[in-house]
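Since the structure comes first, as structure tokens, the remarks are kept for the end.
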There are 2 protein chains.
Amino acid sequence: MHVLIIGAAGMIGRKLVGAIARTGSLGAFRVDRLTLADAIRPEAPEGFSGEVATLARDISDPHTAPELLIGLPDVIIHLAAIVSGEAEQDFDKGYRINLDGTRYLFDAVRSLSETDGYCPRLVFASSIAVYGAPLPDEIDDTFLLAPLTSYGTQKAIGELLLQDYSRRGFFDGLAIRLPTICIRPGLPNKAASGFFSGILREPLAGKPAILPVPDTVRHWHASPRAAVGFLTHAATMETGVVGHRRVLNMPGISATVAEQIEALRRVAGDKAVALIRQEPDPAILRIVSTWPRGFTAERAKGLGFKAESSFDEIIRIHIEDEMGGSLPG
Amino acid sequence: MHVLIIGAAGMIGRKLVGAIARTGSLGAFRVDRLTLADAIRPEAPEGFSGEVATLARDISDPHTAPELLIGLPDVIIHLAAIVSGEAEQDFDKGYRINLDGTRYLFDAVRSLSETDGYCPRLVFASSIAVYGAPLPDEIDDTFLLAPLTSYGTQKAIGELLLQDYSRRGFFDGLAIRLPTICIRPGLPNKAASGFFSGILREPLAGKPAILPVPDTVRHWHASPRAAVGFLTHAATMETGVVGHRRVLNMPGISATVAEQIEALRRVAGDKAVALIRQEPDPAILRIVSTWPRGFTAERAKGLGFKAESSFDEIIRIHIEDEMGGSLPG
């Protein structure tokens, strides 16, 4: 199987590539070829015995997608996007990359579909940012798309295009709405959601962290490992049972910040919790308070997508995958 | 007030222009200038004392929208689209006109907003085709957008863009989802919904009509007169109370074909009903059976949008507005 990953240098992309390289497979399928693209050149994964191409490309350049498809990949995983904060700050860039870039990709596949009968699986990483307040505590699978950010708007449009192109038979698409990924490893990015990870990641490493919102804020989370699992399942599952609604809310954990902190206390003790300092930021609270608090995710669960069952598990996964399995000190 | 109507040569556009010309106003506002554009040159309305420009323009040409906005219209009413059947047959044309054309318009307004502080009211005629089966009998205002046609996809994308551009303050937008317009005057167009009007319009004129679906099919209707009222209200209402969800399901009448036919019988007698011939068309039934059957339309009603209260009224409006007030013979 030839797998093309666009956005392969991002956090989720790197983890997905690492998992493919480690196992030599994507789900039940052996992978013998990887094409990895991103705005910066992705690293070739260690330990992968198949063929690898790594490319630095701009998806908002209309020539990029046709080039990426030259090897007719069996599976295309489209993760490339600029994040919500940046898409909000730079209107043109957000639309150019998140909307036009996605459309160029879909149209390049369509073009090959019409000339060569090409019909790959295409997995599009969407986001719960397609939803906007007022929202029920638990969002079901038939709730209105009403984004309150340009990023959410761009993702919702990508989903609509994916469903129309799939219905037309140009590709076999699935869009998955990822929960907020927690615990994000590494350094903060420009996302307003950064603190949800920061208040756990930093104290686990013995460092201070800032909490900019009240601990009553509730949100929807899944681990990076779960995200890799979602993408893998979406890339390899049978789609005959999915029907025309090709967008799925992924499962996750609905937790308040207080519940996150209590999980941190159970796993790493009071000393870790003491490293969290409250420093209210009304701008972040205003953004976050419009976000989803929970989902039924019934369709996705019924189709075999699996997430964590507790926040303790999310923290333990971070310790296993990012900290060599144990806390410092 | 200067009003720009794009798609002014279509059925609804002509009726709206006629109403403005007749009254010299749009809602409570005096209209002293009309700019009327369409793919074919719209007719200048009779009896209008203000300034009128009529233009044949292609909205999928990026130069069109900036030209249409030169006079900085206070209200922009965007009705231009190719219909569902044609958008389904010609994928490229549908996206070029219904999506790209709409985006060019929105971006041209945005550009003037950024340079001149321009912020017009912008009314976008959307469609209940943004919904697709499976659907509840009554769709509420928070139900999922899941179109099953390219036309519905393009309209849903237009709505999302309108809401993001309005939230950003580039214009003061409202999208209204029109019911199927019944009774459409004149000749059939390429829409699969044509028979809903045909089975009434043709018998009322003493002509035969074909019914391609079982009479148990239920659908959602409003008169052309109601549609003009919706657009007028959307163009002139206070929007401060609307919030960020700038898309409204318009009110209408939920009726089965059998109920339509019984209304025809009450208004025009058995002789008219006898002119309807059943001739099942599985292709039309397949399309129509995925369509909405009814809406709560609660938000729109609360904001003052009004439709008919019975199908008899819809038929009487057709007789008044299209047939000089009485039946032939």
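Residue numbers start at 1 in each chain; chains themselves are named A, B, ... in the order of the structure tokens; ligands are numbered from 1 in the order shown.
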
Subject >> Neighbours of chain A in chain B at 7 Å, counting only C-alpha atoms, as a list in words >> reply: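 For chain B, the answer reads Thr142, Phe143, Leu144, Leu145, Ala146, Ser150, Thr153, Ile157, Leu160, Asp164 and Arg245 of chain B.
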
Expected file contents, prior selection, C-alpha atoms, as a compact mmCIF listing (two decimals), in the first residue's frame:
```txt
# COMPACT_ATOMS: atom_id res chain seq x y z
CA THR B 142 -30.29 23.08 14.90
CA PHE B 143 -30.36 20.13 12.51
CA LEU B 144 -27.29 18.90 10.62
CA LEU B 145 -26.44 20.17 7.15
CA ALA B 146 -25.93 17.07 5.03
CA SER B 150 -23.85 19.43 -5.39
CA THR B 153 -23.42 21.52 -0.99
CA ILE B 157 -20.85 26.47 1.73
CA LEU B 160 -20.91 29.14 6.04
CA ASP B 164 -17.91 33.94 8.80
CA ARG B 245 -26.27 32.10 13.27
```

Subject >> range 308-313 of chain A surroundings by only C-alpha atoms, 10 Å radius, close-in-sequence under 2 positions cut, as a ChimeraX atom specification >> reply: /A:182,221-223,225-226,251-255,259-267,306,315-319

Taking C-alpha atoms for each residue, export the selection above as a PDB file, in the first residue's frame.
```
ATOM      1  CA  CYS A 182      -4.334  16.166  25.033  1.00  0.00           C
ATOM      2  CA  HIS A 221     -10.212  15.442  24.715  1.00  0.00           C
ATOM      3  CA  ALA A 222      -8.362  12.469  23.261  1.00  0.00           C
ATOM      4  CA  SER A 223      -4.692  11.500  23.347  1.00  0.00           C
ATOM      5  CA  ARG A 225      -2.222   7.917  20.466  1.00  0.00           C
ATOM      6  CA  ALA A 226      -6.007   7.844  20.090  1.00  0.00           C
ATOM      7  CA  PRO A 251     -15.055   9.607  20.647  1.00  0.00           C
ATOM      8  CA  GLY A 252     -13.182  11.203  23.541  1.00  0.00           C
ATOM      9  CA  ILE A 253     -13.328  12.220  27.177  1.00  0.00           C
ATOM     10  CA  SER A 254     -15.533  15.078  28.372  1.00  0.00           C
ATOM     11  CA  ALA A 255     -13.766  16.617  31.380  1.00  0.00           C
ATOM     12  CA  GLU A 259     -11.258  16.869  36.609  1.00  0.00           C
ATOM     13  CA  GLN A 260      -8.078  17.117  34.548  1.00  0.00           C
ATOM     14  CA  ILE A 261      -6.267  18.491  37.597  1.00  0.00           C
ATOM     15  CA  GLU A 262      -7.626  15.747  39.868  1.00  0.00           C
ATOM     16  CA  ALA A 263      -6.373  13.146  37.382  1.00  0.00           C
ATOM     17  CA  LEU A 264      -2.969  14.862  37.461  1.00  0.00           C
ATOM     18  CA  ARG A 265      -3.049  14.707  41.282  1.00  0.00           C
ATOM     19  CA  ARG A 266      -3.823  10.958  41.214  1.00  0.00           C
ATOM     20  CA  VAL A 267      -1.030  10.225  38.741  1.00  0.00           C
ATOM     21  CA  LYS A 306     -11.970   3.962  20.139  1.00  0.00           C
ATOM     22  CA  ILE A 315      -1.970  11.189  31.349  1.00  0.00           C
ATOM     23  CA  ARG A 316      -0.461   7.686  31.535  1.00  0.00           C
ATOM     24  CA  ILE A 317      -0.262   7.540  27.735  1.00  0.00           C
ATOM     25  CA  HIS A 318       1.710  10.787  27.773  1.00  0.00           C
ATOM     26  CA  ILE A 319       4.110   9.377  30.340  1.00  0.00           C
TER      27      ILE A 319
END
```

Subject >> Selection: 9 Å around Ile97 in chain A, only C-alpha atoms, excl. self and same-chain fewer than 6 positions, as an NGL selection string >> reply: :A and (58-61 or 80-82)

Where in range 140-321 of chain A does DSSP assign helix (DSSP H, G or I), given as a CSV table (one decimal) with C-alpha atoms, in the first residue's frame?
```csv
chain,number,residue,atom,x,y,z
A,150,SER,CA,-12.7,31.1,10.3
A,151,TYR,CA,-10.8,27.8,11.0
A,152,GLY,CA,-14.0,26.0,11.9
A,153,THR,CA,-15.7,27.5,8.8
A,154,GLN,CA,-12.9,26.2,6.6
A,155,LYS,CA,-13.0,22.8,8.1
A,156,ALA,CA,-16.8,22.6,7.7
A,157,ILE,CA,-16.5,23.6,4.1
A,158,GLY,CA,-13.8,20.9,3.6
A,159,GLU,CA,-16.2,18.3,5.1
A,160,LEU,CA,-19.1,19.4,2.7
A,161,LEU,CA,-16.8,19.1,-0.3
A,162,LEU,CA,-15.5,15.7,0.8
A,163,GLN,CA,-19.0,14.4,1.1
A,164,ASP,CA,-20.0,15.8,-2.3
A,165,TYR,CA,-16.9,14.4,-4.0
A,166,SER,CA,-17.4,11.0,-2.3
A,167,ARG,CA,-21.0,10.9,-3.3
A,194,GLY,CA,-2.9,25.1,24.4
A,195,PHE,CA,-3.4,25.4,28.1
A,196,PHE,CA,-5.5,22.2,28.2
A,197,SER,CA,-2.3,20.3,27.6
A,198,GLY,CA,0.1,22.8,29.3
A,199,ILE,CA,-1.5,22.4,32.7
A,200,LEU,CA,-0.6,18.7,32.6
A,201,ARG,CA,2.5,18.5,30.4
A,202,GLU,CA,4.5,21.1,32.2
A,203,PRO,CA,3.8,20.0,35.8
A,204,LEU,CA,4.5,16.4,34.8
A,224,PRO,CA,-2.3,11.7,20.4
A,225,ARG,CA,-2.2,7.9,20.5
A,226,ALA,CA,-6.0,7.8,20.1
A,227,ALA,CA,-5.8,10.3,17.2
A,228,VAL,CA,-3.3,8.1,15.4
A,229,GLY,CA,-5.8,5.2,16.0
A,230,PHE,CA,-8.7,7.2,14.6
A,231,LEU,CA,-6.7,8.1,11.4
A,232,THR,CA,-5.6,4.5,11.0
A,233,HIS,CA,-9.1,3.2,11.3
A,234,ALA,CA,-10.5,5.8,9.0
A,235,ALA,CA,-7.8,5.0,6.4
A,236,THR,CA,-8.5,1.2,6.4
A,257,VAL,CA,-10.3,21.5,34.0
A,258,ALA,CA,-10.9,20.5,37.7
A,259,GLU,CA,-11.3,16.9,36.6
A,260,GLN,CA,-8.1,17.1,34.5
A,261,ILE,CA,-6.3,18.5,37.6
A,262,GLU,CA,-7.6,15.7,39.9
A,263,ALA,CA,-6.4,13.1,37.4
A,264,LEU,CA,-3.0,14.9,37.5
A,265,ARG,CA,-3.0,14.7,41.3
A,266,ARG,CA,-3.8,11.0,41.2
A,267,VAL,CA,-1.0,10.2,38.7
A,268,ALA,CA,1.7,12.7,39.8
A,269,GLY,CA,0.7,14.0,43.3
A,270,ASP,CA,0.0,17.4,45.0
A,271,LYS,CA,3.5,18.6,44.1
A,272,ALA,CA,2.6,18.5,40.4
A,273,VAL,CA,-0.8,20.2,40.9
A,282,PRO,CA,-10.6,36.9,29.4
A,283,ALA,CA,-9.7,36.6,25.7
A,284,ILE,CA,-9.0,32.9,26.0
A,285,LEU,CA,-12.0,32.3,28.2
A,286,ARG,CA,-14.2,34.1,25.6
A,287,ILE,CA,-13.0,31.8,22.8
A,288,VAL,CA,-13.0,28.6,24.9
A,298,GLU,CA,-22.5,7.3,18.6
A,299,ARG,CA,-21.9,6.7,14.9
A,300,ALA,CA,-18.1,6.7,15.3
A,301,LYS,CA,-18.2,4.2,18.2
A,302,GLY,CA,-20.6,2.0,16.3
A,311,PHE,CA,-8.3,11.3,32.0
A,312,ASP,CA,-5.9,9.2,34.1
A,313,GLU,CA,-5.4,7.0,31.0
A,314,ILE,CA,-4.7,10.1,28.9
A,315,ILE,CA,-2.0,11.2,31.3
A,316,ARG,CA,-0.5,7.7,31.5
A,317,ILE,CA,-0.3,7.5,27.7
A,318,HIS,CA,1.7,10.8,27.8
A,319,ILE,CA,4.1,9.4,30.3
A,320,GLU,CA,4.5,6.2,28.3
A,321,ASP,CA,4.8,7.8,24.9
```

**OP:** Mind giving me the straight-line distance from CA of Gly294 in chain B to CA of Arg184 in chain B in Å, one decimal?
**Re:** 19.2 Å

Original post:
Using only C-alpha atoms, which residues sit within 6 Å of range 35-48 of chain B once same-chain residues fewer than 4 positions away are excluded, as a ChimeraX atom specification?
Top reply: /B:4-9,21,52-58

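In this structure, CA of Gly27 in chain B sits 19.7 Å away from CA of Met11 in chain B.
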
**OP:** Tell me which protein, DNA and RNA residues are within 7 Å of Val3 in chain B, counting only C-alpha atoms, leaving out same-chain ones fewer than 6 positions away, and put them as a list in words.
**Re:** Arg33, Leu34, Thr35, Pro73, Asp74, Val75 and Ile76 of chain B

Original post:
Quick one: of B:Ser25, B:Leu248, B:Ser193, B:Gly85, who's nearest to Val217 in chain B, counting only C-alpha atoms?
Top reply: B:Ser193

When you look at Gly117 in chain B with a cut-off of 12 Å (counting only C-alpha atoms), what residues show up, excluding the ones that are within fewer than 6 positions of it in the same chain? I need them as a compact mmCIF listing (two decimals) with C-alpha atoms, in the first residue's frame.
```
# COMPACT_ATOMS: atom_id res chain seq x y z
CA LEU B 72 -21.79 50.96 -3.01
CA VAL B 109 -17.56 43.34 -0.44
CA ARG B 110 -14.82 42.45 2.03
CA SER B 111 -12.27 44.36 0.01
CA GLY B 169 -17.84 42.50 10.13
CA PHE B 170 -17.24 42.54 6.35
CA PHE B 171 -20.98 42.79 5.75
```

Subject >> Every residue of range 69-312 of chain A that DSSP places in strand (DSSP E or B), as a ChimeraX atom specification >> reply: /A:75-78,121-127,139,143,172-178,180-181,209-211,218-222,247-249,253-256,276-278,295
